[in-house]
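Source file: data_15.json (JSON, C-alpha atoms)
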```json
[["chain", "number", "residue", "atom", "x", "y", "z"],
["A", 1, "MET", "CA", -3.20, -2.71, 23.82],
["A", 2, "LYS", "CA", -0.57, -5.35, 23.19],
["A", 3, "SER", "CA", 2.10, -5.31, 25.88],
["A", 4, "ASN", "CA", 4.59, -8.13, 26.23],
["A", 5, "PRO", "CA", 7.91, -8.08, 28.13],
["A", 6, "LEU", "CA", 9.51, -9.96, 25.23],
["A", 7, "GLY", "CA", 8.33, -7.17, 22.93],
["A", 8, "TYR", "CA", 10.24, -4.60, 24.96],
["A", 9, "LEU", "CA", 13.34, -6.77, 24.78],
["A", 10, "PHE", "CA", 13.07, -7.06, 20.99],
["A", 11, "ALA", "CA", 12.48, -3.30, 20.72],
["A", 12, "PHE", "CA", 15.55, -2.36, 22.74],
["A", 13, "ILE", "CA", 17.67, -4.89, 20.84],
["A", 14, "ALA", "CA", 16.41, -3.50, 17.52],
["A", 15, "PHE", "CA", 17.20, 0.13, 18.34],
["A", 16, "THR", "CA", 20.53, -0.84, 19.87],
["A", 17, "VAL", "CA", 21.46, -2.67, 16.68],
["A", 18, "PHE", "CA", 20.28, 0.27, 14.55],
["A", 19, "SER", "CA", 22.51, 2.59, 16.59],
["A", 20, "ILE", "CA", 25.46, 0.31, 15.98],
["A", 21, "GLN", "CA", 24.53, 0.17, 12.29],
["A", 22, "ASP", "CA", 24.58, 3.96, 12.13],
["A", 23, "GLY", "CA", 28.00, 3.96, 13.76],
["A", 24, "ILE", "CA", 29.29, 1.46, 11.18],
["A", 25, "SER", "CA", 27.75, 3.54, 8.38],
["A", 26, "LYS", "CA", 29.51, 6.60, 9.77],
["A", 27, "HIS", "CA", 32.83, 4.71, 9.85],
["A", 28, "LEU", "CA", 32.47, 3.40, 6.29],
["A", 29, "GLY", "CA", 31.08, 6.71, 5.03],
["A", 30, "ASP", "CA", 34.33, 8.39, 6.03],
["A", 31, "SER", "CA", 36.17, 6.28, 3.41],
["A", 32, "TYR", "CA", 33.61, 5.29, 0.78],
["A", 33, "SER", "CA", 30.80, 6.86, -1.19],
["A", 34, "PRO", "CA", 27.38, 6.79, 0.54],
["A", 35, "ILE", "CA", 26.08, 4.91, -2.50],
["A", 36, "VAL", "CA", 28.56, 2.08, -1.94],
["A", 37, "VAL", "CA", 27.63, 1.84, 1.74],
["A", 38, "ALA", "CA", 23.91, 2.02, 0.96],
["A", 39, "THR", "CA", 24.26, -0.68, -1.69],
["A", 40, "VAL", "CA", 25.78, -3.06, 0.83],
["A", 41, "ARG", "CA", 22.94, -2.32, 3.25],
["A", 42, "TYR", "CA", 20.44, -3.10, 0.50],
["A", 43, "TRP", "CA", 22.09, -6.46, -0.18],
["A", 44, "ALA", "CA", 21.12, -7.38, 3.37],
["A", 45, "PHE", "CA", 17.66, -5.81, 2.95],
["A", 46, "ALA", "CA", 17.02, -7.76, -0.25],
["A", 47, "ALA", "CA", 18.14, -11.08, 1.23],
["A", 48, "PHE", "CA", 15.90, -10.53, 4.24],
["A", 49, "ALA", "CA", 12.94, -9.48, 2.09],
["A", 50, "LEU", "CA", 13.25, -12.57, -0.10],
["A", 51, "VAL", "CA", 13.30, -14.84, 2.96],
["A", 52, "MET", "CA", 10.30, -13.06, 4.49],
["A", 53, "ALA", "CA", 8.34, -13.29, 1.23],
["A", 54, "ALA", "CA", 9.17, -16.97, 0.79],
["A", 55, "ARG", "CA", 7.98, -17.72, 4.33],
["A", 56, "SER", "CA", 4.66, -15.89, 3.96],
["A", 57, "LYS", "CA", 1.46, -17.89, 3.48],
["A", 58, "GLN", "CA", 1.13, -17.29, -0.26],
["A", 59, "GLY", "CA", 4.82, -16.76, -0.92],
["A", 60, "PHE", "CA", 5.99, -14.28, -3.54],
["A", 61, "LYS", "CA", 2.50, -13.97, -5.00],
["A", 62, "VAL", "CA", 1.21, -11.92, -2.08],
["A", 63, "ALA", "CA", 4.49, -10.00, -1.76],
["A", 64, "LEU", "CA", 4.42, -8.83, -5.39],
["A", 65, "LYS", "CA", 0.70, -8.04, -5.58],
["A", 66, "SER", "CA", 0.01, -4.43, -4.61],
["A", 67, "THR", "CA", -3.09, -2.34, -5.10],
["A", 68, "ARG", "CA", -0.95, 0.81, -5.07],
["A", 69, "PRO", "CA", 2.33, -0.11, -6.79],
["A", 70, "VAL", "CA", 3.24, 3.49, -7.67],
["A", 71, "LEU", "CA", 3.07, 4.56, -4.03],
["A", 72, "GLN", "CA", 5.07, 1.48, -3.04],
["A", 73, "ILE", "CA", 7.79, 2.39, -5.53],
["A", 74, "VAL", "CA", 7.84, 5.99, -4.32],
["A", 75, "ARG", "CA", 8.17, 4.68, -0.75],
["A", 76, "GLY", "CA", 11.18, 2.62, -1.77],
["A", 77, "LEU", "CA", 12.79, 5.61, -3.47],
["A", 78, "LEU", "CA", 12.17, 7.83, -0.45],
["A", 79, "LEU", "CA", 13.78, 5.33, 1.90],
["A", 80, "GLY", "CA", 16.74, 4.98, -0.44],
["A", 81, "THR", "CA", 17.12, 8.76, -0.48],
["A", 82, "GLN", "CA", 16.88, 8.85, 3.30],
["A", 83, "ILE", "CA", 19.64, 6.25, 3.68],
["A", 84, "LEU", "CA", 21.96, 8.04, 1.25],
["A", 85, "VAL", "CA", 21.40, 11.43, 2.86],
["A", 86, "SER", "CA", 21.81, 10.02, 6.37],
["A", 87, "ILE", "CA", 25.21, 8.53, 5.54],
["A", 88, "SER", "CA", 26.26, 11.86, 4.04],
["A", 89, "ALA", "CA", 24.97, 13.63, 7.15],
["A", 90, "PHE", "CA", 27.03, 11.37, 9.41],
["A", 91, "TYR", "CA", 30.13, 12.37, 7.45],
["A", 92, "TYR", "CA", 29.55, 16.11, 7.05],
["A", 93, "VAL", "CA", 27.51, 16.97, 10.15],
["A", 94, "GLY", "CA", 28.37, 14.25, 12.64],
["A", 95, "LEU", "CA", 26.57, 11.26, 14.10],
["A", 96, "GLY", "CA", 25.36, 12.97, 17.27],
["A", 97, "GLN", "CA", 23.83, 16.07, 15.71],
["A", 98, "SER", "CA", 22.31, 14.04, 12.87],
["A", 99, "GLN", "CA", 20.63, 11.68, 15.34],
["A", 100, "ALA", "CA", 19.24, 14.66, 17.24],
["A", 101, "ILE", "CA", 17.55, 16.03, 14.12],
["A", 102, "PHE", "CA", 16.38, 12.57, 13.01],
["A", 103, "ALA", "CA", 14.41, 12.44, 16.27],
["A", 104, "SER", "CA", 12.06, 15.09, 14.86],
["A", 105, "GLY", "CA", 10.53, 12.50, 12.51],
["A", 106, "PRO", "CA", 7.21, 12.06, 14.42],
["A", 107, "ILE", "CA", 6.77, 15.83, 14.47],
["A", 108, "PHE", "CA", 7.06, 16.12, 10.68],
["A", 109, "ILE", "CA", 4.77, 13.11, 10.25],
["A", 110, "ALA", "CA", 2.10, 14.85, 12.33],
["A", 111, "LEU", "CA", 2.61, 18.05, 10.33],
["A", 112, "LEU", "CA", 2.33, 16.29, 6.94],
["A", 113, "SER", "CA", -0.61, 14.11, 7.97],
["A", 114, "VAL", "CA", -2.91, 17.13, 7.69],
["A", 115, "PRO", "CA", -2.51, 17.89, 3.95],
["A", 116, "LEU", "CA", -1.60, 14.35, 2.81],
["A", 117, "LEU", "CA", -3.88, 12.15, 4.93],
["A", 118, "GLY", "CA", -6.61, 14.63, 5.69],
["A", 119, "GLU", "CA", -6.21, 14.09, 9.43],
["A", 120, "LYS", "CA", -7.44, 16.67, 11.89],
["A", 121, "VAL", "CA", -4.85, 18.02, 14.31],
["A", 122, "GLY", "CA", -6.07, 19.81, 17.41],
["A", 123, "TRP", "CA", -4.44, 22.75, 19.16],
["A", 124, "ARG", "CA", -2.49, 20.48, 21.51],
["A", 125, "ARG", "CA", -0.70, 18.67, 18.71],
["A", 126, "TRP", "CA", -0.21, 21.91, 16.79],
["A", 127, "THR", "CA", 1.44, 23.34, 19.89],
["A", 128, "ALA", "CA", 3.67, 20.26, 20.18],
["A", 129, "ILE", "CA", 4.59, 20.53, 16.50],
["A", 130, "CYS", "CA", 5.55, 24.19, 16.85],
["A", 131, "VAL", "CA", 7.57, 23.51, 20.00],
["A", 132, "GLY", "CA", 9.30, 20.60, 18.28],
["A", 133, "LEU", "CA", 10.23, 22.78, 15.31],
["A", 134, "VAL", "CA", 11.72, 25.31, 17.73],
["A", 135, "GLY", "CA", 13.83, 22.47, 19.13],
["A", 136, "VAL", "CA", 15.02, 21.59, 15.61],
["A", 137, "LEU", "CA", 16.00, 25.22, 15.00],
["A", 138, "LEU", "CA", 17.87, 25.24, 18.29],
["A", 139, "ILE", "CA", 19.85, 22.16, 17.21],
["A", 140, "LEU", "CA", 20.63, 23.76, 13.84],
["A", 141, "SER", "CA", 21.48, 27.16, 15.37],
["A", 142, "PRO", "CA", 21.16, 28.99, 12.01],
["A", 143, "ARG", "CA", 22.31, 32.30, 13.54],
["A", 144, "SER", "CA", 25.43, 30.92, 15.18],
["A", 145, "GLY", "CA", 28.84, 31.44, 13.64],
["A", 146, "SER", "CA", 29.32, 27.67, 13.40],
["A", 147, "PHE", "CA", 26.31, 27.12, 11.12],
["A", 148, "ASN", "CA", 27.11, 25.35, 7.86],
["A", 149, "PRO", "CA", 24.62, 24.71, 5.02],
["A", 150, "VAL", "CA", 25.48, 20.98, 5.14],
["A", 151, "MET", "CA", 23.65, 20.89, 8.48],
["A", 152, "ILE", "CA", 20.46, 20.85, 6.40],
["A", 153, "LEU", "CA", 21.29, 17.26, 5.35],
["A", 154, "PRO", "CA", 19.86, 15.55, 8.47],
["A", 155, "LEU", "CA", 16.81, 17.81, 8.22],
["A", 156, "ILE", "CA", 16.26, 16.61, 4.64],
["A", 157, "CYS", "CA", 16.62, 13.08, 5.93],
["A", 158, "ALA", "CA", 14.02, 13.66, 8.66],
["A", 159, "VAL", "CA", 11.53, 15.18, 6.21],
["A", 160, "SER", "CA", 12.00, 12.43, 3.61],
["A", 161, "GLY", "CA", 11.55, 9.89, 6.41],
["A", 162, "ALA", "CA", 8.31, 11.62, 7.37],
["A", 163, "PHE", "CA", 7.03, 11.41, 3.78],
["A", 164, "TYR", "CA", 8.01, 7.74, 3.83],
["A", 165, "GLY", "CA", 6.02, 7.25, 7.03],
["A", 166, "ILE", "CA", 2.96, 8.97, 5.57],
["A", 167, "LEU", "CA", 3.05, 6.83, 2.42],
["A", 168, "THR", "CA", 3.48, 3.74, 4.60],
["A", 169, "ARG", "CA", 0.22, 4.62, 6.33],
["A", 170, "LEU", "CA", -1.51, 5.07, 2.98],
["A", 171, "VAL", "CA", -0.39, 1.75, 1.49],
["A", 172, "SER", "CA", -1.07, -0.11, 4.74],
["A", 173, "ARG", "CA", -4.78, 0.57, 4.21],
["A", 174, "THR", "CA", -4.86, -1.88, 1.32],
["A", 175, "ASP", "CA", -1.54, -3.81, 1.16],
["A", 176, "PRO", "CA", -0.33, -6.36, 3.74],
["A", 177, "PRO", "CA", 2.95, -5.69, 5.62],
["A", 178, "VAL", "CA", 4.87, -8.33, 3.67],
["A", 179, "THR", "CA", 4.08, -6.49, 0.41],
["A", 180, "SER", "CA", 5.18, -3.13, 1.77],
["A", 181, "PHE", "CA", 8.39, -4.59, 3.17],
["A", 182, "PHE", "CA", 9.17, -6.41, -0.08],
["A", 183, "TYR", "CA", 8.71, -3.29, -2.24],
["A", 184, "MET", "CA", 10.66, -1.15, 0.23],
["A", 185, "CYS", "CA", 13.67, -3.45, 0.04],
["A", 186, "MET", "CA", 13.65, -4.39, -3.63],
["A", 187, "VAL", "CA", 13.07, -0.88, -5.04],
["A", 188, "GLY", "CA", 16.03, 0.42, -3.06],
["A", 189, "PHE", "CA", 18.09, -2.64, -3.99],
["A", 190, "VAL", "CA", 17.56, -2.09, -7.71],
["A", 191, "GLY", "CA", 18.17, 1.65, -7.47],
["A", 192, "ALA", "CA", 21.35, 1.33, -5.39],
["A", 193, "ASN", "CA", 22.85, -1.35, -7.62],
["A", 194, "CYS", "CA", 22.16, 0.77, -10.71],
["A", 195, "LEU", "CA", 24.18, 3.64, -9.19],
["A", 196, "ALA", "CA", 26.90, 1.60, -7.47],
["A", 197, "PRO", "CA", 29.08, 0.87, -10.57],
["A", 198, "PHE", "CA", 29.64, 4.61, -11.08],
["A", 199, "TYR", "CA", 30.91, 5.07, -7.52],
["A", 200, "PHE", "CA", 32.66, 1.77, -6.85],
["A", 201, "THR", "CA", 36.10, 1.93, -5.27],
["A", 202, "ALA", "CA", 38.41, -0.82, -4.07],
["A", 203, "VAL", "CA", 37.58, -1.95, -0.54],
["A", 204, "ALA", "CA", 40.40, -2.28, 1.98],
["A", 205, "PRO", "CA", 40.67, -5.85, 3.38],
["A", 206, "ALA", "CA", 39.94, -4.69, 6.94],
["A", 207, "ASP", "CA", 36.73, -2.98, 5.81],
["A", 208, "TRP", "CA", 35.18, -6.20, 4.52],
["A", 209, "PHE", "CA", 34.56, -7.05, 8.18],
["A", 210, "TRP", "CA", 32.66, -3.79, 8.64],
["A", 211, "LEU", "CA", 30.68, -4.36, 5.43],
["A", 212, "ALA", "CA", 29.70, -7.81, 6.68],
["A", 213, "ALA", "CA", 28.77, -6.31, 10.05],
["A", 214, "LEU", "CA", 26.62, -3.74, 8.24],
["A", 215, "CYS", "CA", 24.69, -6.53, 6.54],
["A", 216, "CYS", "CA", 24.28, -8.49, 9.78],
["A", 217, "THR", "CA", 23.06, -5.50, 11.77],
["A", 218, "GLY", "CA", 20.55, -4.69, 9.04],
["A", 219, "ILE", "CA", 19.06, -8.19, 9.12],
["A", 220, "VAL", "CA", 19.09, -8.57, 12.92],
["A", 221, "GLY", "CA", 17.70, -5.06, 13.51],
["A", 222, "HIS", "CA", 14.73, -5.44, 11.17],
["A", 223, "LEU", "CA", 13.98, -8.96, 12.39],
["A", 224, "CYS", "CA", 13.87, -7.75, 16.00],
["A", 225, "LEU", "CA", 11.75, -4.75, 15.01],
["A", 226, "ILE", "CA", 9.21, -7.00, 13.29],
["A", 227, "LYS", "CA", 9.10, -9.21, 16.38],
["A", 228, "ALA", "CA", 8.63, -6.13, 18.56],
["A", 229, "TYR", "CA", 5.67, -4.96, 16.43],
["A", 230, "GLU", "CA", 4.10, -8.40, 16.87],
["A", 231, "LYS", "CA", 4.11, -8.01, 20.64],
["A", 232, "LEU", "CA", 3.77, -4.24, 21.18],
["A", 233, "ASP", "CA", 1.46, -1.54, 19.84],
["A", 234, "ALA", "CA", 3.05, 1.21, 17.77],
["A", 235, "VAL", "CA", 2.15, 3.81, 20.41],
["A", 236, "VAL", "CA", 4.34, 1.90, 22.87],
["A", 237, "LEU", "CA", 7.09, 1.12, 20.40],
["A", 238, "GLN", "CA", 7.60, 4.60, 18.94],
["A", 239, "PRO", "CA", 8.80, 6.24, 22.18],
["A", 240, "ILE", "CA", 11.33, 3.44, 22.67],
["A", 241, "GLY", "CA", 12.81, 4.54, 19.34],
["A", 242, "TYR", "CA", 14.26, 7.58, 21.11],
["A", 243, "PHE", "CA", 16.65, 5.18, 22.81],
["A", 244, "GLN", "CA", 18.47, 5.18, 19.47],
["A", 245, "LEU", "CA", 19.14, 8.91, 19.92],
["A", 246, "VAL", "CA", 20.70, 8.32, 23.33],
["A", 247, "LEU", "CA", 22.85, 5.39, 22.26],
["A", 248, "GLY", "CA", 23.77, 7.03, 18.95],
["A", 249, "SER", "CA", 24.92, 10.15, 20.79],
["A", 250, "LEU", "CA", 26.97, 7.98, 23.16],
["A", 251, "ILE", "CA", 28.65, 6.26, 20.20],
["A", 252, "ALA", "CA", 29.32, 9.65, 18.62],
["A", 253, "VAL", "CA", 31.07, 10.91, 21.75],
["A", 254, "VAL", "CA", 32.97, 7.76, 22.79],
["A", 255, "VAL", "CA", 33.91, 6.29, 19.41],
["A", 256, "PHE", "CA", 34.12, 9.32, 17.12],
["A", 257, "GLN", "CA", 35.13, 11.93, 19.72],
["A", 258, "GLU", "CA", 32.30, 14.27, 18.76],
["A", 259, "THR", "CA", 31.23, 17.04, 21.09],
["A", 260, "LEU", "CA", 27.61, 17.48, 22.14],
["A", 261, "LYS", "CA", 27.03, 21.21, 22.39],
["A", 262, "VAL", "CA", 24.56, 22.71, 24.84],
["A", 263, "ASN", "CA", 22.17, 23.80, 22.09],
["A", 264, "MET", "CA", 22.15, 20.23, 20.72],
["A", 265, "VAL", "CA", 21.30, 18.71, 24.10],
["A", 266, "ILE", "CA", 18.57, 21.24, 24.94],
["A", 267, "GLY", "CA", 17.15, 21.05, 21.40],
["A", 268, "SER", "CA", 17.11, 17.25, 21.55],
["A", 269, "ILE", "CA", 15.22, 17.29, 24.85],
["A", 270, "ILE", "CA", 12.63, 19.65, 23.36],
["A", 271, "VAL", "CA", 12.28, 17.55, 20.17],
["A", 272, "VAL", "CA", 11.92, 14.29, 22.10],
["A", 273, "ALA", "CA", 9.37, 15.78, 24.52],
["A", 274, "ALA", "CA", 7.32, 17.22, 21.64],
["A", 275, "GLY", "CA", 7.56, 13.95, 19.72],
["A", 276, "LEU", "CA", 6.41, 11.87, 22.69],
["A", 277, "PHE", "CA", 3.46, 14.19, 23.28],
["A", 278, "THR", "CA", 2.53, 14.09, 19.58],
["A", 279, "VAL", "CA", 2.55, 10.27, 19.52],
["A", 280, "TRP", "CA", 0.53, 10.10, 22.74],
["A", 281, "ARG", "CA", -2.10, 12.58, 21.53],
["A", 282, "GLU", "CA", -2.43, 10.76, 18.23],
["A", 283, "HIS", "CA", -3.11, 7.56, 20.16],
["A", 284, "VAL", "CA", -5.70, 9.29, 22.35],
["A", 285, "VAL", "CA", -7.54, 10.73, 19.35],
["A", 286, "SER", "CA", -7.49, 7.39, 17.51],
["A", 287, "ARG", "CA", -8.81, 5.56, 20.55],
["A", 288, "ARG", "CA", -11.64, 8.08, 20.94],
["A", 289, "ALA", "CA", -12.57, 7.65, 17.26],
["A", 290, "SER", "CA", -12.61, 3.86, 17.66],
["A", 291, "ASN", "CA", -14.78, 4.06, 20.78],
["A", 292, "ALA", "CA", -17.20, 6.41, 18.99],
["A", 293, "LYS", "CA", -17.66, 3.90, 16.16],
["A", 294, "THR", "CA", -18.46, 1.11, 18.60]]
```
Full structure transcribed into structure tokens:
Amino acid sequence: MKSNPLGYLFAFIAFTVFSIQDGISKHLGDSYSPIVVATVRYWAFAAFALVMAARSKQGFKVALKSTRPVLQIVRGLLLGTQILVSISAFYYVGLGQSQAIFASGPIFIALLSVPLLGEKVGWRRWTAICVGLVGVLLILSPRSGSFNPVMILPLICAVSGAFYGILTRLVSRTDPPVTSFFYMCMVGFVGANCLAPFYFTAVAPADWFWLAALCCTGIVGHLCLIKAYEKLDAVVLQPIGYFQLVLGSLIAVVVFQETLKVNMVIGSIIVVAAGLFTVWREHVVSRRASNAKT
């Protein structure tokens, strides 16, 4: 396994920056349409993707050439949907509760990997999946008097993110990372800019700073994440991603004066524990399969 102290540093920087980016998205989403905010994020994505493609060995030729272009386009649309829904969730549900439900992503990926990837999931991972789903229900509290249908928004975001993760695994079997990253950014960029004119509103002078910060955090966060993947295995990196839940919840409480209810905290602990176990078991099974082949 790859394990480099610099990789951990890049990972923590990446997830810290992503937490700040979510906070900025929440701030801007309170005043502007999610499509406008997402479009600005995709400006940064597109600029970064173009630079990455230009710096690759074969340039734009390898970035554009995909053996599964339809799946790549669907990936881009799923990520765009996830970004739009997440910004809406920050506004209607709150940053803290949304982050708690987003943390269930690995659980839904494990659940969907059975029908979509044909992977075999043993009783241990099935147990973790069921426990994780109980944690999600606890966060949602559908029977409580405070339940609102808009609380489904972060759940939609988590599920669409899981589908995105599954398709990423599929395309990674044949396409290089630079191709997947390029399609992810450019498909969303085109889609967002097609919708933006219908939702454009005048931007307050003070908010141009936050829009610029949104672009900068997008570029810095993804650059650090790429560097982290170069120095750490995914099985090590994925658990560090839960740091974003902790920092995001802290930003929600300190900056936006949100309240973390008991059911949210307990549900989050259950979801994180189930997610960590799911990732660990997946690594164990993959390692056994690799050893069996050799």
request  = Using only C-alpha atoms, find the one residue out of A:Leu77, A:Leu84, A:Val159, A:Ile139 that sits nearest to Ser268 (chain A).
outcome  = A:Ile139
request  = Rank A:Gly94, A:Gly191, A:Gly218, A:Gly118 by their smallest atom-to-atom distance to Phe48 (chain A), using all atoms listed in the file, and report the top residue only.
outcome  =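 Using all atoms listed in the file, the shortest distance to Phe48 (chain A) belongs to A:Gly218.
Among A:Leu232, A:Val279, A:Ile109, A:Val134, the residue with the shortest atom-to-atom distance to Thr168 (chain A), counting only C-alpha atoms, is A:Ile109.
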Leu137 (chain A) environment, 12 Å, only C-alpha atoms, sequence neighbours closer than 3 positions dropped, as a JSON list (two decimals) with C-alpha atoms, in the frame of the given file:
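So the final result, stored in part17.json, reads:
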```json
[["chain", "number", "residue", "atom", "x", "y", "z"],
["A", 100, "ALA", "CA", 19.24, 14.66, 17.24],
["A", 101, "ILE", "CA", 17.55, 16.03, 14.12],
["A", 104, "SER", "CA", 12.06, 15.09, 14.86],
["A", 130, "CYS", "CA", 5.55, 24.19, 16.85],
["A", 131, "VAL", "CA", 7.57, 23.51, 20.00],
["A", 132, "GLY", "CA", 9.30, 20.60, 18.28],
["A", 133, "LEU", "CA", 10.23, 22.78, 15.31],
["A", 134, "VAL", "CA", 11.72, 25.31, 17.73],
["A", 140, "LEU", "CA", 20.63, 23.76, 13.84],
["A", 141, "SER", "CA", 21.48, 27.16, 15.37],
["A", 142, "PRO", "CA", 21.16, 28.99, 12.01],
["A", 143, "ARG", "CA", 22.31, 32.30, 13.54],
["A", 144, "SER", "CA", 25.43, 30.92, 15.18],
["A", 147, "PHE", "CA", 26.31, 27.12, 11.12],
["A", 151, "MET", "CA", 23.65, 20.89, 8.48],
["A", 152, "ILE", "CA", 20.46, 20.85, 6.40],
["A", 155, "LEU", "CA", 16.81, 17.81, 8.22],
["A", 263, "ASN", "CA", 22.17, 23.80, 22.09],
["A", 264, "MET", "CA", 22.15, 20.23, 20.72],
["A", 266, "ILE", "CA", 18.57, 21.24, 24.94],
["A", 267, "GLY", "CA", 17.15, 21.05, 21.40],
["A", 268, "SER", "CA", 17.11, 17.25, 21.55],
["A", 270, "ILE", "CA", 12.63, 19.65, 23.36],
["A", 271, "VAL", "CA", 12.28, 17.55, 20.17]]
```
Surrounding residues of region 280-284 of chain A excluding itself and chain neighbours under 4 positions, 8 Å, all atoms listed in the file, as a list in words =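 Counting all atoms listed in the file, the residues come to Arg124, Arg125, Val235, Leu276 and Arg288 of chain A.
Across A:Ser113, A:Trp123, A:Lys231, A:Ile156, the tightest approach to Ser98 (chain A) is made by A:Ile156 when counting only C-alpha atoms.
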Nearest candidate to Phe189 (chain A) (options A:Ala14, A:Val253, A:Ile107, A:Ala49; using only C-alpha atoms) =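 Of A:Ala14, A:Val253, A:Ile107, A:Ala49, the one nearest Phe189 (chain A), counting only C-alpha atoms, is A:Ala49.
All protein, DNA and RNA residues at most 10 Å from (10.0, -4.7, 1.7) are Phe45, Ala46, Phe48, Ala49, Leu50, Met52, Ala53, Ala63, Leu64, Gln72, Arg75, Gly76, Pro177, Val178, Thr179, Ser180, Phe181, Phe182, Tyr183, Met184, Cys185, Met186, Val187 and Gly188 of chain A, using all atoms listed in the file.
With all atoms listed in the file as the atoms that count, the minimum distance from Gly241 (chain A) to the choices A:Gln99, A:Asn4, A:Thr67, A:Asn291 is reached by A:Gln99.
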remark   = Taken to one decimal, the CA of Ala273 (chain A)-CA of Ala292 (chain A) distance is 28.7 Å
Report as JSON lines: every residue of region 128-208 of chain A with an atom at most 12 Å from region 213-216 of chain A, its closest pair of atoms, and their distance in Å to one decimal, counting only C-alpha atoms, with rows sorted by chain and ascending residue number.
```
{"residue": "A:Ala206", "atom": "CA", "partner": "A:Ala213", "partner_atom": "CA", "distance": 11.7}
{"residue": "A:Asp207", "atom": "CA", "partner": "A:Ala213", "partner_atom": "CA", "distance": 9.6}
{"residue": "A:Trp208", "atom": "CA", "partner": "A:Ala213", "partner_atom": "CA", "distance": 8.5}
```
